[in-house]
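One structure below.
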Amino acid sequence: MQHPRKHRRRRAVLSAVTAAAALVAAGLTTLTTGTPPMAPVAATARQVEALDRGVVSVHTDSGNLVSWRWLGTDPDSVSFNVYRAGTKVNPTPVTGSTNYFHAGAPAQADYTVRAVVGGVEQADSGHAIQFRTGYKDVPVTPPAGGTTPDGVAYTYEANDASVGDLDGDGDLDIVLKWQPTNAKDNSQSGYTGNTFVDGVTLDGTRLWRVDLGRNIRSGAHYTQFQVYDYDGDGRAELAMRTADATVDGTGTVIGNSSADYRNSSGYVLSGPEFLTMFDGRTGRAMQSVDYVPARGTVSSWGDSYGNRVDRFLAGTAYLDGSRPSLIMARGYYTRTVLAAWDWRGGAFTRRWTFDSSSSTNTGKGYDGQGSHSLSVGDVDGDGKDEIVYGAMAVDDNGSGLWTTKTGHGDAQHLGDLDPSHPGLEYFKVSESSGQPAELYINPSNGTVNWQLAACCDNGRGVAGDIWAGNAGAEVWSASDSAIRDEAGATKGREPSSVNFLSWWDGDTTRELLDGTHIDKYGTSSDTRLLTGSGVHSNNSTKATPSLSGDLLGDWREEVVWPTSDNTALRIYSTPYETTTRITTLLHDPMYRTALAWQNTAYNQPPHPSFYIGAGMPTAPRPVVYTP
């Protein structure tokens with residue numbers, strides 16, 4: 001029997017189409033509802049990390065919230081017992097969630113969790129990570145500052161981060177980018193300091209430090225990095241663009257250590273560029289190959305001074321439906337090139353290259369469609385991932401899938417935004433004043449379901465279910481004055497922020513993450529749930545955390561900010577109890593790859609492959625395997 005809410009939502013979509021004239025008058029154009037994606041194929045198991053329980057204990061005035069992971073490899077019927085120093089504290093096994101509130105317990109209480117499978121209690125988990133003051137600090141050490149060739153001094157700030165099991169022990173480790181205080185946007189001239197990247201365990205042990213060197217300019221668009229277990233050996237690797245004078249985690253220099261290709265404006269427009277895979281355990285450069293595409297003639301990318309030629313994006317995708325591949329890209333204002341790489345047996349193999357200027361794609365409208373980020377997901381239901389690249393998409397085989405020809409944008413969101421419609425939906429905003437301010441797209445074929453009239457440089461947009469009063473996700477942008485539903489109809493007050501999202505409290509609607517705080521949306525005003533203490537956000541006006549996502553504990557999301565003095569990464573985990581049980585989002589491959597690409601250019605929040613929100617059905621279990 002179909003859920004009555006789904007009937008209501010289908011009627012809402014159809015009525016929105018028939019009311020197109022009224023929407024046009026409001027600045028909204030409904031083009032078509034689009035067609036649903038093809039019927040999904042039988043799922044192929046995807047490779048994911050062999051994680052431990054990730055147990056955390058978050059102290060409050062009333063006691064400790066203990067939460068842990070329900071792994072994708074656990075049985076559906078698994079239950080759990082919680083132990084404090086070897087004594088069970090829950091009267092009956094925990095079945096409906098993966099958290100337990102231990103009232104009256106002190107902050108230093110020591111917890112473990114034991115799974116119960118078929119009535120048999122399993123071994124103890126690792127000991128809970130203690131959030132004694134609501135957060136946990138991971139100590140980090142900034143690199144030494146320096147002075148540019150023109151005499152400008154700079155220091156270092158902790159910037160974007162990613163996670164992966166670097167040493168194969170089941171714990172997630174952190175990969176942190178250190179950005180100099182003189183980092184530049186590509187449109188800005190001037191020298192920058194080197195970019196450094198550290199591998200750090202959760203106890204603050206630094207495993208290695210990579211120095212990208214003077215020939216990789218520092219800034220949000222230059223230094224994309226991917227952390228993932230690409231070869232299935234149980235340990236994550238690190239992939240980055242490198243150059244002559246990059247120094248790996250063992251102190252070995254890549255290429256010519258004395259080369260300096262910086263021009264008098266601080267740009268690097270000559271010299272070799274490499275793609276390097278680093279060992280996650282040691283930081284050793286295992287192989288370097290020529291970066292694809294090569295820089296070529298600088299002016300062929302849209303200008304002669306070096307802005308558009310050095311716009312890079314990166315991601316990870318399951319192109320064969322089972323194992324992850326690396327995506328490295330260049331260009332989105334004019335020519336666009338994506339290269340897909342497999343890392344197997346200690347060597348790179350290029351799977352395919354998509355080039356908007358190739359004879360296959362010339363004239364089809366793929367030039368100039370990229371955003372300042374990308375998204376990865378199975379948009380056409382064939383069991384394999386596609387790359388949604390702004391106003392276009394590339395199929396799993398490297399061929400162009402579709403283009404809306406609506407141009408460049410700053411923000412985009414791919415997810416199951418409309419649970420009454422099969423498959424994924426896609427929301428994008430446009431930077432160009434001549435393009436639609438907002439677009440709601442069927443990503444299986446690029447059909448634009450509705451769009452707002454062109455208005456301006458629309459810098460930010462968000463999609464997520466933040467309000468239980470509307471079915472499905474709400475969408476909004478910096479240029480709009482309201483939230484909208486999946487049919488484009490206005491539904492209420494615009495939130496206080498247009499930035500990030502977080503599943504933070506106990507219900508399934510998502511919260512607003514902006515700057516150094518988390519808010520709960522309300523129809524009249526937002527309610528502050530968390531203000532980070534002694535921390536800073538990153539990336540200037542983007543005001544993003546180093547990382548946000550389901551990193552530890554149950555399915556809710558942690559947020560990681562650097563401390564104000566850049567000597568620690570401060571991790572916050574929710575103190576709110578929940579009655580909802582969802583498999584760790586780290587074992588939803590679409591969400592996991594979104595954590596990997598979160599650091600790319602203008603950071604965007606991760607979305608899972610299924611709908612999480614008010615009135616959601618039971619969350620699906622992933623079809624996954626571990627190395």
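We name chains A, B, ... following the order of the structure tokens; residues begin at 1 in each chain, and ligands are numbered from 1 as shown.
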ask   = Could you pull the residues within 7 Å of A:Leu212, counting only C-alpha atoms, minus those fewer than 3 positions along the same chain, as number ranges by chain?
value = A: 194-196, 216, 242, 246-247
Can those selected residues be exported to a file as a compact mmCIF listing (two decimals), in the first residue's frame so that it contains all heavy atoms?
# COMPACT_ATOMS: atom_id res chain seq x y z
N ASN A 194 53.93 28.15 0.85
CA ASN A 194 53.65 26.77 0.46
C ASN A 194 52.42 26.24 1.20
O ASN A 194 52.10 26.71 2.29
CB ASN A 194 54.83 25.86 0.77
CG ASN A 194 56.08 26.23 0.00
OD1 ASN A 194 56.09 27.20 -0.77
ND2 ASN A 194 57.14 25.47 0.20
N THR A 195 51.77 25.26 0.61
CA THR A 195 50.69 24.53 1.28
C THR A 195 51.26 23.26 1.88
O THR A 195 52.02 22.53 1.22
CB THR A 195 49.56 24.18 0.29
OG1 THR A 195 49.01 25.39 -0.24
CG2 THR A 195 48.46 23.38 0.97
N PHE A 196 50.89 22.96 3.13
CA PHE A 196 51.30 21.73 3.80
C PHE A 196 50.07 20.88 4.08
O PHE A 196 48.97 21.39 4.31
CB PHE A 196 52.01 22.04 5.12
CG PHE A 196 53.34 22.72 4.96
CD1 PHE A 196 53.44 24.09 4.84
CD2 PHE A 196 54.52 21.97 4.92
CE1 PHE A 196 54.66 24.73 4.70
CE2 PHE A 196 55.75 22.59 4.77
CZ PHE A 196 55.82 23.97 4.65
N ILE A 216 53.27 24.96 -6.37
CA ILE A 216 51.82 24.79 -6.26
C ILE A 216 51.29 26.00 -5.50
O ILE A 216 51.52 26.15 -4.30
CB ILE A 216 51.44 23.50 -5.52
CG1 ILE A 216 51.94 22.27 -6.27
CG2 ILE A 216 49.93 23.44 -5.31
CD1 ILE A 216 51.22 21.99 -7.58
N THR A 242 50.80 17.75 -7.70
CA THR A 242 52.11 18.13 -7.18
C THR A 242 52.95 18.77 -8.30
O THR A 242 52.49 18.88 -9.44
CB THR A 242 52.85 16.92 -6.59
OG1 THR A 242 53.05 15.94 -7.64
CG2 THR A 242 52.06 16.27 -5.46
N THR A 246 57.92 19.54 -4.62
CA THR A 246 57.04 18.97 -3.60
C THR A 246 57.86 17.98 -2.78
O THR A 246 58.66 17.21 -3.33
CB THR A 246 55.84 18.26 -4.24
OG1 THR A 246 55.00 19.23 -4.89
CG2 THR A 246 55.02 17.51 -3.20
N VAL A 247 57.68 17.99 -1.46
CA VAL A 247 58.41 17.08 -0.57
C VAL A 247 57.41 16.15 0.09
O VAL A 247 56.45 16.59 0.73
CB VAL A 247 59.18 17.87 0.52
CG1 VAL A 247 59.98 16.92 1.39
CG2 VAL A 247 60.09 18.91 -0.12
Select from stretch 519-565 of chain A every residue with an atom at most 10 Å from any atom of stretch 46-62 of chain A, then for each give the shortest pair of atoms and their distance in Å to one decimal, using only C-alpha atoms, rows by chain and rising number, as a tab-separated table.
residue	atom	partner	partner_atom	distance
A:Leu551	CA	A:Gly54	CA	8.1
A:Leu552	CA	A:Gly54	CA	5.0
A:Gly553	CA	A:Val55	CA	5.2
A:Asp554	CA	A:Gly54	CA	8.3
Dump as a tab-separated table (two decimals), in the first residue's frame, selection limited to N, CA, C and O atoms:
chain	number	residue	atom	x	y	z
A	551	LEU	N	31.31	11.26	11.47
A	551	LEU	CA	32.67	10.78	11.65
A	551	LEU	C	32.79	9.75	12.75
A	551	LEU	O	33.62	8.83	12.68
A	552	LEU	N	31.96	9.88	13.79
A	552	LEU	CA	32.04	9.03	14.98
A	552	LEU	C	30.63	8.77	15.50
A	552	LEU	O	29.66	9.40	15.05
A	553	GLY	N	30.49	7.85	16.46
A	553	GLY	CA	29.20	7.63	17.10
A	553	GLY	C	28.14	7.16	16.12
A	553	GLY	O	28.43	6.45	15.16
A	554	ASP	N	26.87	7.54	16.37
A	554	ASP	CA	25.78	7.10	15.51
A	554	ASP	C	25.75	7.93	14.23
A	554	ASP	O	26.73	8.57	13.86
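Of the listed residues (A:Glu486, A:Asp588, A:Asp320, A:Asp507), A:Asp588 comes nearest to A:Phe610; the distances count only C-alpha atoms.
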Contacts of stretch 346-349 of chain A within 8 Å, only C-alpha atoms, excl. fewer than 5 positions in-chain, as a list of chain:residue names
A:Met286, A:Gln287, A:Val289, A:Trp341
Enumerate the residues of stretch 259-316 of chain A with a DSSP assignment of strand (DSSP E), computed from the backbone, and present them as a list in words.
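The strand (DSSP E) subset of stretch 259-316 of chain A is Glu273, Phe274, Leu275, Thr276, Met277, Phe278, Asp279, Ala285, Met286, Gln287, Ser288, Val289, Asp290, Phe312, Leu313, Ala314, Gly315 and Thr316 of chain A.
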Using only C-alpha atoms, the best pick from A:Ser375, A:Thr403, A:Ser573, A:Thr508 as closest to A:Asp550 would be A:Ser573
#### Entry: Contacts of A:Val253 within 12 Å, only C-alpha atoms, excl. fewer than 5 positions in-chain, as a list in words
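Near A:Val253, the qualifying residues are Val210, Asp211, Leu212, Gly213, Thr242, Ala243, Asp244, Ala245, Thr246, Val247, Asp248, Ser258, Ala259, Arg284, Ala285 and Ser288 of chain A.
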Checklist entry - Of the candidates A:Val120, A:Ala601, A:Leu513, A:Leu275, which shows the shortest atom-to-atom distance to A:Val559, using only C-alpha atoms? => result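 Counting only C-alpha atoms, the residue closest to A:Val559 is A:Leu513.
Between A:Ala568 and the residues A:Leu439, A:Ala340, A:Leu414, A:Leu176, the shortest atom-to-atom distance, using only C-alpha atoms, involves A:Leu176.
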List the spatial neighbours of A:Asp229 as a ChimeraX atom specification - criterion: any atom at most 9 Å away, only C-alpha atoms, same-chain residues fewer than 4 positions off excluded.
/A:47-49,164-166,233-238,280,324
Atom CA of A:His408 to atom CA of A:Ser265 measures 26.4 Å
Practice problem: Using only C-alpha atoms, determine which residues lie at most 12 Å from stretch 98-102 of chain A, disregarding the query and same-chain residues fewer than 5 positions distant; provide the list as JSON, numbers by chain. | Solution: {"A": [53, 54, 55, 56, 57, 58, 59, 60, 61, 62, 63, 64, 65, 66, 67, 68, 69, 70, 71, 78, 79, 80, 81, 82, 83, 84, 88, 89, 90, 91, 92, 93, 107, 109, 110, 111, 112, 113, 114, 115, 506, 552, 553, 554, 555, 556, 574, 575, 576, 577, 578, 579, 580, 581, 582, 583, 584]}
